[in-house]
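Taking it in order: structure first as structure tokens, then the write-up.
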Amino acid sequence: MVLGECVVAGTTTAQAVLTALGFDVTGLMGSSHPTCNHGQKTGLIKTGLTDWSGTDDQRCVWSAIAAVGDPMQPFVLGMTLAASHHSGVLLAGGSQMIAIYTMLQRLGTQYPWHSDNVVLGTTQWIVNDATSQFLALAHTVPTPPIMSSQFSFKQSRYPQFTIFEQGYVKEGVGAGGCLIAGHLYQHWHQTRTLQAMETLLERCLKTSALP
């Protein structure tokens, strides 16, 4: 099972929950911006945690999500907990999915699950982002085995794609996990994947140009 996400400000809410749970991850989270907006994230999280109840709730995942999280987090937590009993689970994303795995570890004694069946799949844009510290984050909080797609848009003819190579977006909607799954399941490689993506984009552009 591949589980992805598409959450506005999702890396901020992920950082906020990790902070509420007692982890110091300041400056480590990713962002869709070319230069990660760490200061903005930290300021928002500080405001969000102003009324955090403190010691009693510091280790409570559900309370942290209710205070500063987002709806994707409990959904993916529940799906992963259940699916891990029956199949492998690929958490498709970056620092948000690392945060999910950390929450799963905290919930483990309350909700049994099979951690050996869970891995994380992301993109090389996340791993190589010089303005965040993805691998440092992975060594700071509980993290599953990580796979990274090496797919690139450098050879694309379309600015809608090459913008990824300028540091924008980097992930989203399970991009890394889908690329990895496509390669493992159907042996799709760089050229075939790029051709398929450009064909889909061309169809969309033609449709949008119709009167």
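We label chains A, B, ... in the order they appear in the structure tokens, count residues from 1 in each chain, and number ligands from 1 in the order shown.
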Note to self: I'd like the contact shell of region 170-181 of chain A - 8 Å cut-off, only C-alpha atoms, skipping same-chain residues fewer than 2 positions apart - returned as a PyMOL selection string.
What the structure shows: chain A and resi 2-6+32+90-94+120-123+125-126+147-149+151+164+167-168+183-186
Next item on the list: Would you please work out which residue, of A:Gln150, A:Thr47, A:Ser84, A:Ser132, is nearest to Val68 (chain A) when using only C-alpha atoms?
Entry: A:Thr47
Next item on the list: Using only C-alpha atoms, pick whichever of A:Ala82, A:Leu201, A:Ala196, A:Ala136 has the shortest atom-to-atom distance to Pro159 (chain A).
Entry: A:Leu201
Checklist line | Nearest to Ser152 (chain A), chosen from A:Thr13, A:Ser87, A:Gln124, A:Thr42, with only C-alpha atoms counted in the distances | finding: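 Counting only C-alpha atoms, the residue closest to Ser152 (chain A) is A:Gln124.
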Check: So which bits of region 88-204 of chain A end up strand (DSSP E) when you DSSP the backbone, as a PyMOL selection string?
Finding: chain A and resi 89-92+118-123+146-149
Note to self: Taking 5 positions as the minimum chain separation for residues in the same chain, which residues sit within 10 Å of Asp24 (chain A) when counting only C-alpha atoms? Answer as a ChimeraX atom specification.
What the structure shows: /A:15,18-19,137,140-141
Note to self: Set the distance at 8 Å and use only C-alpha atoms: which residues neighbour Pro144 (chain A) once local chain neighbours fewer than 3 positions away are removed? I'd like the list as a list in words.
What the structure shows: Ile98, Tyr101, Ser115, Val118, Val119 and Leu120 of chain A
Margin query: Given only C-alpha atoms as the basis, pick out the residue of A:His33, A:Lys46, A:His189, A:Lys41 nearest to Asp129 (chain A).
Written below: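 The shortest atom-to-atom distance to Asp129 (chain A) comes from A:His33.
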